[in-house]
Amino acid sequence: MRIFPALMTHRFWPIALALGLLVSPLFGQPNEIRKSVARITNTMEDANYRLPWLPGAMATGSGTGWVVSPDRIITNAHVVSNARFLTIEKEDDPKKYIATVEHIAHDCDLAVLKVQDPAFFKNTKPLALGGIPELESSVAVFGYPIGGERLSVTQGVVSRVDFRTYTHSVLDSHLTIQIDAAINPGNSGGPVLQDGKVVGIAFQGFSGDVAQNVGYMIPTPVIAHFLKDIEDGHYDRYMDLSISITNTLNPAMRKGLGLADDDRGVMVSSVQSAGVCAGKLEIGDVLLAIDGHPIASDGMLELDGERVLMSEVAERKFLGDEVKLEILRDKQVMDVTVKFDHAWPFLMQANSYDVQPAYVLFGGLLFQPLSRNLLGAYQFQSDRVNYFYDNFVTKEIYKEHPEIVVLSAILPDPLNTYLGEFREGIVDEINDHKIRTLKDAANAFAEKPEFYVIKFIGHPRPLVLERIAVEAARERIRRRYNVLAEQNLSTAEFTSASR
Amino acid sequence: MMRRAFLLFTCLLFTTAQGLRAEDIQSEAPSSVVRVNVTNQPWDFVHPWGKRPPYSRRAIGTILAGNRVLVTAELVANANYVEFETAEGGQKVPASVEVVDYEANLALLKTDDLDFLKPFKPLELTPAKIGDVLSVWQLENNGALLVTKGPMTTAEVARYPADDSPLLVYRMTTPLQFRDSSFTLPVVKDGKLAGLVMRYDNTTNNAEVLPAPVIEHFLTDAKKAPYEGFARLGITSSPTRDPQFRRFLGLTADTPGGVYISDVLSDGPAAKGGVEPGDVLLQVDDRPVDQDGNYKDDEYGKIAITHLLSTRRYDGDVVKLTVYRKGEKKQLDVTLKHRPVESYVIEPYVYDHAPKFYVLGGLILQELSRQYLKEFGADWQKKAPEQFVYFDRQQNEVFKNGPKKVVFLNRVLPSDLTIGYEELNQLIVTKINGVSIQSLADVPGALEKASNGLHKVEFDGEPRFIFLDATAVAAAQESFRQKYRLPALQRLD
């Protein structure tokens with residue numbers, strides 16, 4: 001199951017990137033551990049969604065990483081996102097080592113780095129992964145909080161284990177461990193140890209007036225899942241069933257679904273047509289068991305002696321794996337096998353990193369695909385844009401519009417001076433071509449009709465541009481607004497500090 | 001720039017000077033107004049079986065010919081009790097609402113005590129022009145008239161409190177002072193009523209005035225029974241200023257004006273008269289329509305055609321529209337009709353009658369209205385469920401093929417019947433027992449179609465459906481009513 005959040009309203013923040021020269025006191029800790037924990041400095045460049053032909057703001061930040069295998073550093077994805085230049089330093093070594101991102105997983109906020117100079121790994125020892133620590137047991141958080149140059153170690157107690165939103169992408173939730181140690185910016189990526197083994201990676205805190213001294217770490221099942229996923233040299237992302245379920249606690253509900261009074265089973269209440277269960281499950285099916293684990297009427301099951309959400313079973317899968325479902329359909333018990341043959345494809349509601357914004361500029365009209373990043377860059381007022389964003393998945397808007405192409409801005413020119421009413425409109429058709437993606441729009445604009453007739457959803461009056469007028473204005477607009485390129489259709493991930 | 005600054009300066013001087021002169025009139029007894037005391041008690045759309053606590057307001061009513069008193073409709077919305085009170089002496093008499101139009105924001109009040117209004121002098125109506133100096137009347141605590149003057153600055157078609165219906169408003173600048181009974185203040189020119197203050201902004205001193213032509217129209221309509229209300233054409237229009245767009249439409253230099261009809265309300269007057277989306281409206285009767293949808297009014301000059309169609313014309317009038325369609329000019333006869341509020345899928349306002357509801361085993365079912373959405377507070381457009389706000393605003397587009405009304409599950413009153421459903425809320429109900437729900441009135445009939453002893457309730461959203469035990473729901477109704485102390489379990493009219 002994927003959790004589809006609406007606009008973010010919670011108060012988590014990823015810990016990242018503070019600079020400063022605070023000197024932290026050094027605790028007496030086993031030397032091997034200290035030697036294997038390093039400070040990462042990231043010179044990053046944001047994407048520029050307002051002027052997408054230009055680079056965005058630059059900043060420098062720091063976080064923590066540690067040696068996870070003889071030639072690899074692991075850290076949080078948010079520590080090394082949007083990186084242009086990465087350096088890594090050890091406490092007892094004056095040298096700044098140059099690092100590159102080898103794999104980055106924005107859905108679980110983890111990344112592994114390569115260091116160019118093998119000398120970095122001299123005297124380091126990979127830290128071993130442990131299990132899930134007991135509640136109330138104490139752990140030690142290692143890191144370089146608030147930008148300090150000396151390692152800091154803080155003690156904390158494990159207070160809760162549950163599913164939580166990972167704020168780096170904001171769309172994903174995984175197992176998370178809450179500890180009562182203060183986790184501060186700069187701690188991110190640092191190991192949390194118990195009995196000499198890593199039991200988690202510090203990654204986010206909690207800001208607000210209600211809670212203090214609360215920190216969160218990524219537990220070892222999530223770390224191990226990431227490390228196993230990249231073994232084949234490629235990160236395939238987390239798998240999920242892309243369905244939603246409803247409890248079957250109500251006796252009338254159970255009777256209506258043909259269920260016995262045994263507190264078992266959950267009803268399927270939506271099946272995403274772009275997900276792996278499309279065509280396999282139907283609304284109204286009851287899931288009785290997954291991979292042999294009986295599912296309770298509240299959607300929980302028992303796994304390794306713990307009561308967990310049924311989605312935990314899918315969490316442990318990899319691309320190409322299968323899952324066996326026992327279901328009740330029309331009161332008949334059936335077995336259904338679902339293959340995880342692709343990861344969920346529509347991520348526009350997630351924060352995105354390491355990509356150049358896609359856009360098409362035509363006649364001074366800037367068209368961009370709707371995304372969380374775009375919403376952050378523009379304060380759109382249109383209730384339609386917000387409705388399409390929030391319901392993109394739940395109403396399967398992606399079926400008709402895999403990309404929601406928005407007229408996000410207008411660079412004023414005599415050509416477009418009467419077109420203000422179309423700002424924030426969602427493009428539906430251009431010259432009778434259905435616009436499903438930004439590329440469709442670029443193709444339609446590449447044609448040479450007498451008029452370009454752009455139809456927007458829910459806006460019956462079309463926007464009309466005369467071809468000769470567009471051509472006459474083209475150079476003028478490019479020059480006046482210093483437009484370096486009129487379109488970018490490539491959304492391939494890149495960072496100059498990676499791969 | 002210079003010119004504008006100069007104008008502003010003279011206006012200021014002017015108001016101050018006129019303000020001083022106001023004292024001359026104060027000695028005059030308020031012979032054409034009474035105080036109107038109203039106790040309002042709105043229905044509670046969140047708990048639709050009940051009402052909110054009552055509150056009282058004092059206003060000024062303008063006495064018109066025929067023993068009637070004019071106030072804004074806002075004042076008497078959900079009124080429980082209305083009384084007149086003489087400004088001097090404080091005599092009171094019960095009164096009642098004779099005619100009310102929430103879209104035009106006007107109401108006529110009357111009293112059975114015919115002698116009460118006899119000593120007063122009814123006001124006549126007069127239109128005002130830009131530049132006229134208008135007097136706003138208020139009452140002091142002792143009953144004396146307080147007059148503040150100011151120039152009328154603008155006449156335009158603008159939004160009225162019932163959002164969907166713009167009509168003519170006057171704007172004036174005047175430094176009004178705060179008084180207790182400042183609702184529905186008369187605006188007077190040369191001893192005649194030019195309008196009623198509808199809104200006032202004390203930071204800019206701008207007053208929005210509900211003008212005499214709208215009042216005149218209302219009074220004419222009020223003579224007929226049943227009251228019809230202001231007619232609408234039922235179109236959405238868009239300017240044709242963009243020369244590229246004009247060339248695209250084929251409009252040549254010999255057709256200088258015309259406004260683009262981007263949408264036509266299905267079953268509205270324009271649709272019935274043959275107007276189609278994409279037509280360009282060139283003329284209404286003998287009045288040319290410009291590129292922005294304005295015409296030249298005899299009284300106000302350039303103003304939106306809404307004024308011509310809604311205020312100058314009446315329900316039942318036939319107007320001749322000249323439209324441009326695919327290279328040809330066409331003449332279409334359109335019979336103007338008022339759009340009754342009940343015809344909206346999501347009604348823009350619900351006053352004076354209780355919200356409908358149906359409690360089904362703890363599931364509170366209601367019909368969606370903007371009145372319900374407004375229960376989410378002043379910023380309801382942000383606070384109310386996003387989908388409902390979107391549907392309300394886009395209802396002509398979203399509900400082209402029904403339903404008649406949107407029935408939704410407001411919330412669940414928990415009981416043993418609804419275990420597992422406690423957190424369901426703000427869900428649109430599409431079907432019950434397989435029967436499509438077009439309005440709340442369809443619910444009782446659908447409940448007779450239970451199968452296998454279960455009611456199946458389907459939603460647009462998640463969960464897609466739930467079941468309720470039909471027998472248990474029927475048996476528990478009375479105990480349920482007592483447990484939550486509900487005065488009734490349903491209201492369908």
# chains A, B, ... in the order shown; residues from 1 in each chain; ligands from 1
$ residues_around --residues "Tyr295 (chain B)" --least-positions-apart "5" --cutoff "9 Å" --atoms "only C-alpha atoms" --output "PDB file with N, CA and C atoms, in the first residue's frame"
ATOM      1  N   GLN B 283     -25.001  42.371 -29.911  1.00  0.00           N
ATOM      2  CA  GLN B 283     -26.003  43.376 -29.626  1.00  0.00           C
ATOM      3  C   GLN B 283     -27.116  42.780 -28.765  1.00  0.00           C
ATOM      4  N   VAL B 284     -27.637  43.576 -27.823  1.00  0.00           N
ATOM      5  CA  VAL B 284     -28.824  43.203 -27.068  1.00  0.00           C
ATOM      6  C   VAL B 284     -29.890  44.237 -27.423  1.00  0.00           C
ATOM      7  N   ARG B 287     -28.860  47.758 -28.452  1.00  0.00           N
ATOM      8  CA  ARG B 287     -27.637  48.224 -27.797  1.00  0.00           C
ATOM      9  C   ARG B 287     -26.426  47.394 -28.231  1.00  0.00           C
ATOM     10  N   PRO B 288     -25.439  48.011 -28.859  1.00  0.00           N
ATOM     11  CA  PRO B 288     -24.226  47.273 -29.207  1.00  0.00           C
ATOM     12  C   PRO B 288     -23.462  46.846 -27.940  1.00  0.00           C
ATOM     13  N   VAL B 289     -22.860  45.673 -27.999  1.00  0.00           N
ATOM     14  CA  VAL B 289     -22.077  45.145 -26.873  1.00  0.00           C
ATOM     15  C   VAL B 289     -20.609  45.265 -27.238  1.00  0.00           C
ATOM     16  N   ASP B 290     -19.792  45.810 -26.318  1.00  0.00           N
ATOM     17  CA  ASP B 290     -18.379  46.010 -26.659  1.00  0.00           C
ATOM     18  C   ASP B 290     -17.549  44.749 -26.366  1.00  0.00           C
ATOM     19  N   GLY B 301     -23.704  55.258 -18.576  1.00  0.00           N
ATOM     20  CA  GLY B 301     -22.659  55.122 -19.587  1.00  0.00           C
ATOM     21  C   GLY B 301     -22.255  53.674 -19.741  1.00  0.00           C
ATOM     22  N   LYS B 302     -20.949  53.429 -19.911  1.00  0.00           N
ATOM     23  CA  LYS B 302     -20.467  52.073 -20.184  1.00  0.00           C
ATOM     24  C   LYS B 302     -20.612  51.193 -18.945  1.00  0.00           C
ATOM     25  N   ILE B 303     -21.371  50.116 -19.064  1.00  0.00           N
ATOM     26  CA  ILE B 303     -21.575  49.233 -17.910  1.00  0.00           C
ATOM     27  C   ILE B 303     -21.900  47.831 -18.425  1.00  0.00           C
ATOM     28  N   ALA B 304     -21.654  46.835 -17.587  1.00  0.00           N
ATOM     29  CA  ALA B 304     -21.840  45.448 -18.016  1.00  0.00           C
ATOM     30  C   ALA B 304     -23.287  45.177 -18.438  1.00  0.00           C
ATOM     31  N   ILE B 305     -23.451  44.321 -19.465  1.00  0.00           N
ATOM     32  CA  ILE B 305     -24.799  44.044 -19.981  1.00  0.00           C
ATOM     33  C   ILE B 305     -25.686  43.359 -18.944  1.00  0.00           C
ATOM     34  N   LEU B 308     -28.361  45.672 -17.958  1.00  0.00           N
ATOM     35  CA  LEU B 308     -29.456  45.759 -18.926  1.00  0.00           C
ATOM     36  C   LEU B 308     -30.384  44.542 -18.808  1.00  0.00           C
TER      37      LEU B 308
END
$ select_by_dssp --residues "region 281-406 of chain A" --states "strand (DSSP E)" --output "number ranges by chain"
A: 286-290, 293-294, 300-303, 306-309, 322-329, 332-339, 359-362, 365-369, 405-406
$ interface_residues --of "chain B" --to "chain A" --cutoff "6 Å" --atoms "only C-alpha atoms" --output "list in words"
Asp242, Phe245, Ser262, Ile419, Gly420, Pro463, Arg464, Phe467, Leu468 and Asp469 of chain B
$ residues_around --residues "Asp107 (chain A)" --least-positions-apart "2" --cutoff "6 Å" --atoms "only C-alpha atoms" --output "PyMOL selection string"
chain A and resi 105+109+169+172
$ write_last_selection --atoms "N, CA and C atoms" --output "PDB file, in the first residue's frame"
ATOM      1  N   ALA A 105      18.587   6.817  -2.948  1.00  0.00           N
ATOM      2  CA  ALA A 105      17.209   6.323  -2.847  1.00  0.00           C
ATOM      3  C   ALA A 105      16.380   7.395  -2.152  1.00  0.00           C
ATOM      4  N   ASP A 109      15.310   7.777   1.755  1.00  0.00           N
ATOM      5  CA  ASP A 109      16.261   8.753   2.280  1.00  0.00           C
ATOM      6  C   ASP A 109      17.636   8.147   2.597  1.00  0.00           C
ATOM      7  N   SER A 169      11.022  12.641   0.796  1.00  0.00           N
ATOM      8  CA  SER A 169      10.169  12.545  -0.399  1.00  0.00           C
ATOM      9  C   SER A 169       8.753  12.995  -0.068  1.00  0.00           C
ATOM     10  N   ASP A 172       6.468   8.854   0.892  1.00  0.00           N
ATOM     11  CA  ASP A 172       6.738   7.481   1.319  1.00  0.00           C
ATOM     12  C   ASP A 172       6.709   7.345   2.826  1.00  0.00           C
TER      13      ASP A 172
END
$ select_by_dssp --residues "region 285-338 of chain B" --states "helix (DSSP H, G or I)" --output "PyMOL selection string"
chain B and resi 305-312
$ residues_around --residues "region 310-321 of chain B" --least-positions-apart "3" --cutoff "9 Å" --atoms "only C-alpha atoms" --output "VMD selection string"
chain B and resid 167 to 168 213 to 214 216 to 218 221 228 to 233 275 281 to 286 305 to 307 330 to 338
$ residues_around --residues "Glu396 (chain A)" --least-positions-apart "4" --cutoff "10 Å" --atoms "only C-alpha atoms" --output "PyMOL selection string"
chain A and resi 272-274+388+391-392+400-402
$ closest_residue --among "A:His234, A:Leu301, A:Leu193, A:Leu241" --to "Asp263 (chain A)" --atoms "only C-alpha atoms"
A:Leu301
$ atom_distance --atom1 "CA of Phe203 (chain A)" --atom2 "CA of Ile243 (chain A)"
28.0 Å
$ residues_around --residues "region 44-50 of chain B" --least-positions-apart "2" --cutoff "8 Å" --atoms "only C-alpha atoms" --output "list of chain:residue names"
B:Pro42, B:Arg52, B:Ala354, B:Pro355, B:Lys356, B:Phe357, B:Gln371, B:Tyr372, B:Glu375, B:Asn410, B:Leu486, B:Pro487, B:Ala488, B:Leu489
$ write_last_selection --atoms "N, CA and C atoms" --output "PDB file, in the first residue's frame"
ATOM      1  N   PRO B  42     -30.163  31.310  12.931  1.00  0.00           N
ATOM      2  CA  PRO B  42     -29.881  30.434  11.795  1.00  0.00           C
ATOM      3  C   PRO B  42     -29.932  28.968  12.180  1.00  0.00           C
ATOM      4  N   ARG B  52     -28.745  27.466  15.818  1.00  0.00           N
ATOM      5  CA  ARG B  52     -27.697  28.147  16.576  1.00  0.00           C
ATOM      6  C   ARG B  52     -28.363  29.113  17.552  1.00  0.00           C
ATOM      7  N   ALA B 354     -35.246  24.926   7.141  1.00  0.00           N
ATOM      8  CA  ALA B 354     -34.289  24.055   7.812  1.00  0.00           C
ATOM      9  C   ALA B 354     -33.573  23.176   6.807  1.00  0.00           C
ATOM     10  N   PRO B 355     -32.326  22.826   7.093  1.00  0.00           N
ATOM     11  CA  PRO B 355     -31.621  21.899   6.212  1.00  0.00           C
ATOM     12  C   PRO B 355     -32.249  20.512   6.276  1.00  0.00           C
ATOM     13  N   LYS B 356     -32.246  19.837   5.142  1.00  0.00           N
ATOM     14  CA  LYS B 356     -32.747  18.472   5.120  1.00  0.00           C
ATOM     15  C   LYS B 356     -31.683  17.534   5.681  1.00  0.00           C
ATOM     16  N   PHE B 357     -32.136  16.479   6.326  1.00  0.00           N
ATOM     17  CA  PHE B 357     -31.171  15.473   6.784  1.00  0.00           C
ATOM     18  C   PHE B 357     -31.874  14.145   6.979  1.00  0.00           C
ATOM     19  N   GLN B 371     -24.306  26.917   2.111  1.00  0.00           N
ATOM     20  CA  GLN B 371     -24.598  27.275   3.497  1.00  0.00           C
ATOM     21  C   GLN B 371     -23.878  26.314   4.448  1.00  0.00           C
ATOM     22  N   TYR B 372     -23.852  25.033   4.071  1.00  0.00           N
ATOM     23  CA  TYR B 372     -23.116  24.057   4.886  1.00  0.00           C
ATOM     24  C   TYR B 372     -21.627  24.392   4.855  1.00  0.00           C
ATOM     25  N   GLU B 375     -20.267  26.942   7.155  1.00  0.00           N
ATOM     26  CA  GLU B 375     -20.115  26.601   8.572  1.00  0.00           C
ATOM     27  C   GLU B 375     -18.643  26.412   8.945  1.00  0.00           C
ATOM     28  N   ASN B 410     -22.250  13.433   6.402  1.00  0.00           N
ATOM     29  CA  ASN B 410     -21.577  14.490   7.165  1.00  0.00           C
ATOM     30  C   ASN B 410     -20.651  13.871   8.200  1.00  0.00           C
ATOM     31  N   LEU B 486     -31.837  13.549  19.926  1.00  0.00           N
ATOM     32  CA  LEU B 486     -32.173  14.209  18.669  1.00  0.00           C
ATOM     33  C   LEU B 486     -33.665  14.495  18.633  1.00  0.00           C
ATOM     34  N   PRO B 487     -34.073  15.706  18.271  1.00  0.00           N
ATOM     35  CA  PRO B 487     -35.502  16.003  18.187  1.00  0.00           C
ATOM     36  C   PRO B 487     -36.183  15.212  17.060  1.00  0.00           C
ATOM     37  N   ALA B 488     -35.420  14.865  16.042  1.00  0.00           N
ATOM     38  CA  ALA B 488     -36.005  14.096  14.940  1.00  0.00           C
ATOM     39  C   ALA B 488     -34.877  13.348  14.261  1.00  0.00           C
ATOM     40  N   LEU B 489     -35.220  12.305  13.549  1.00  0.00           N
ATOM     41  CA  LEU B 489     -34.205  11.527  12.843  1.00  0.00           C
ATOM     42  C   LEU B 489     -34.177  11.851  11.351  1.00  0.00           C
TER      43      LEU B 489
END
$ closest_residue --among "A:Val37, A:Val286, A:Val80, A:Ile468" --to "Val153 (chain A)" --atoms "only C-alpha atoms"
A:Val37
$ residues_around --residues "Ile290 (chain A)" --least-positions-apart "3" --cutoff "9 Å" --atoms "only C-alpha atoms" --output "list in words"
Leu287, His293, Pro294, Ile295, Leu301, Met310, Val313, Val323, Lys324, Leu325, Glu326 and Ile327 of chain A
$ write_last_selection --atoms "C-alpha atoms" --output "compact mmCIF listing (two decimals), in the first residue's frame"
# COMPACT_ATOMS: atom_id res chain seq x y z
CA LEU A 287 -7.72 -9.99 1.45
CA HIS A 293 0.27 -14.57 6.90
CA PRO A 294 -3.37 -14.22 7.98
CA ILE A 295 -4.57 -10.59 7.79
CA LEU A 301 -0.62 -9.25 10.58
CA MET A 310 0.16 -5.82 6.06
CA VAL A 313 5.16 -7.68 3.55
CA VAL A 323 3.43 -12.05 -3.50
CA LYS A 324 0.69 -14.60 -2.88
CA LEU A 325 -2.70 -13.31 -1.83
CA GLU A 326 -5.54 -15.36 -0.50
CA ILE A 327 -8.74 -13.49 -1.28
$ atom_distance --atom1 "CA of Met172 (chain B)" --atom2 "CA of Ala59 (chain B)"
20.1 Å
$ closest_residue --among "B:Ala144, B:Val350, B:Leu193, B:Val323" --to "Ala270 (chain B)" --atoms "only C-alpha atoms"
B:Val323
$ atom_distance --atom1 "CA of Ile346 (chain B)" --atom2 "CA of Ser369 (chain B)"
4.7 Å
$ closest_residue --among "B:Gly274, B:Ser56, B:Gln138, B:Tyr351" --to "Tyr102 (chain B)" --atoms "only C-alpha atoms"
B:Tyr351
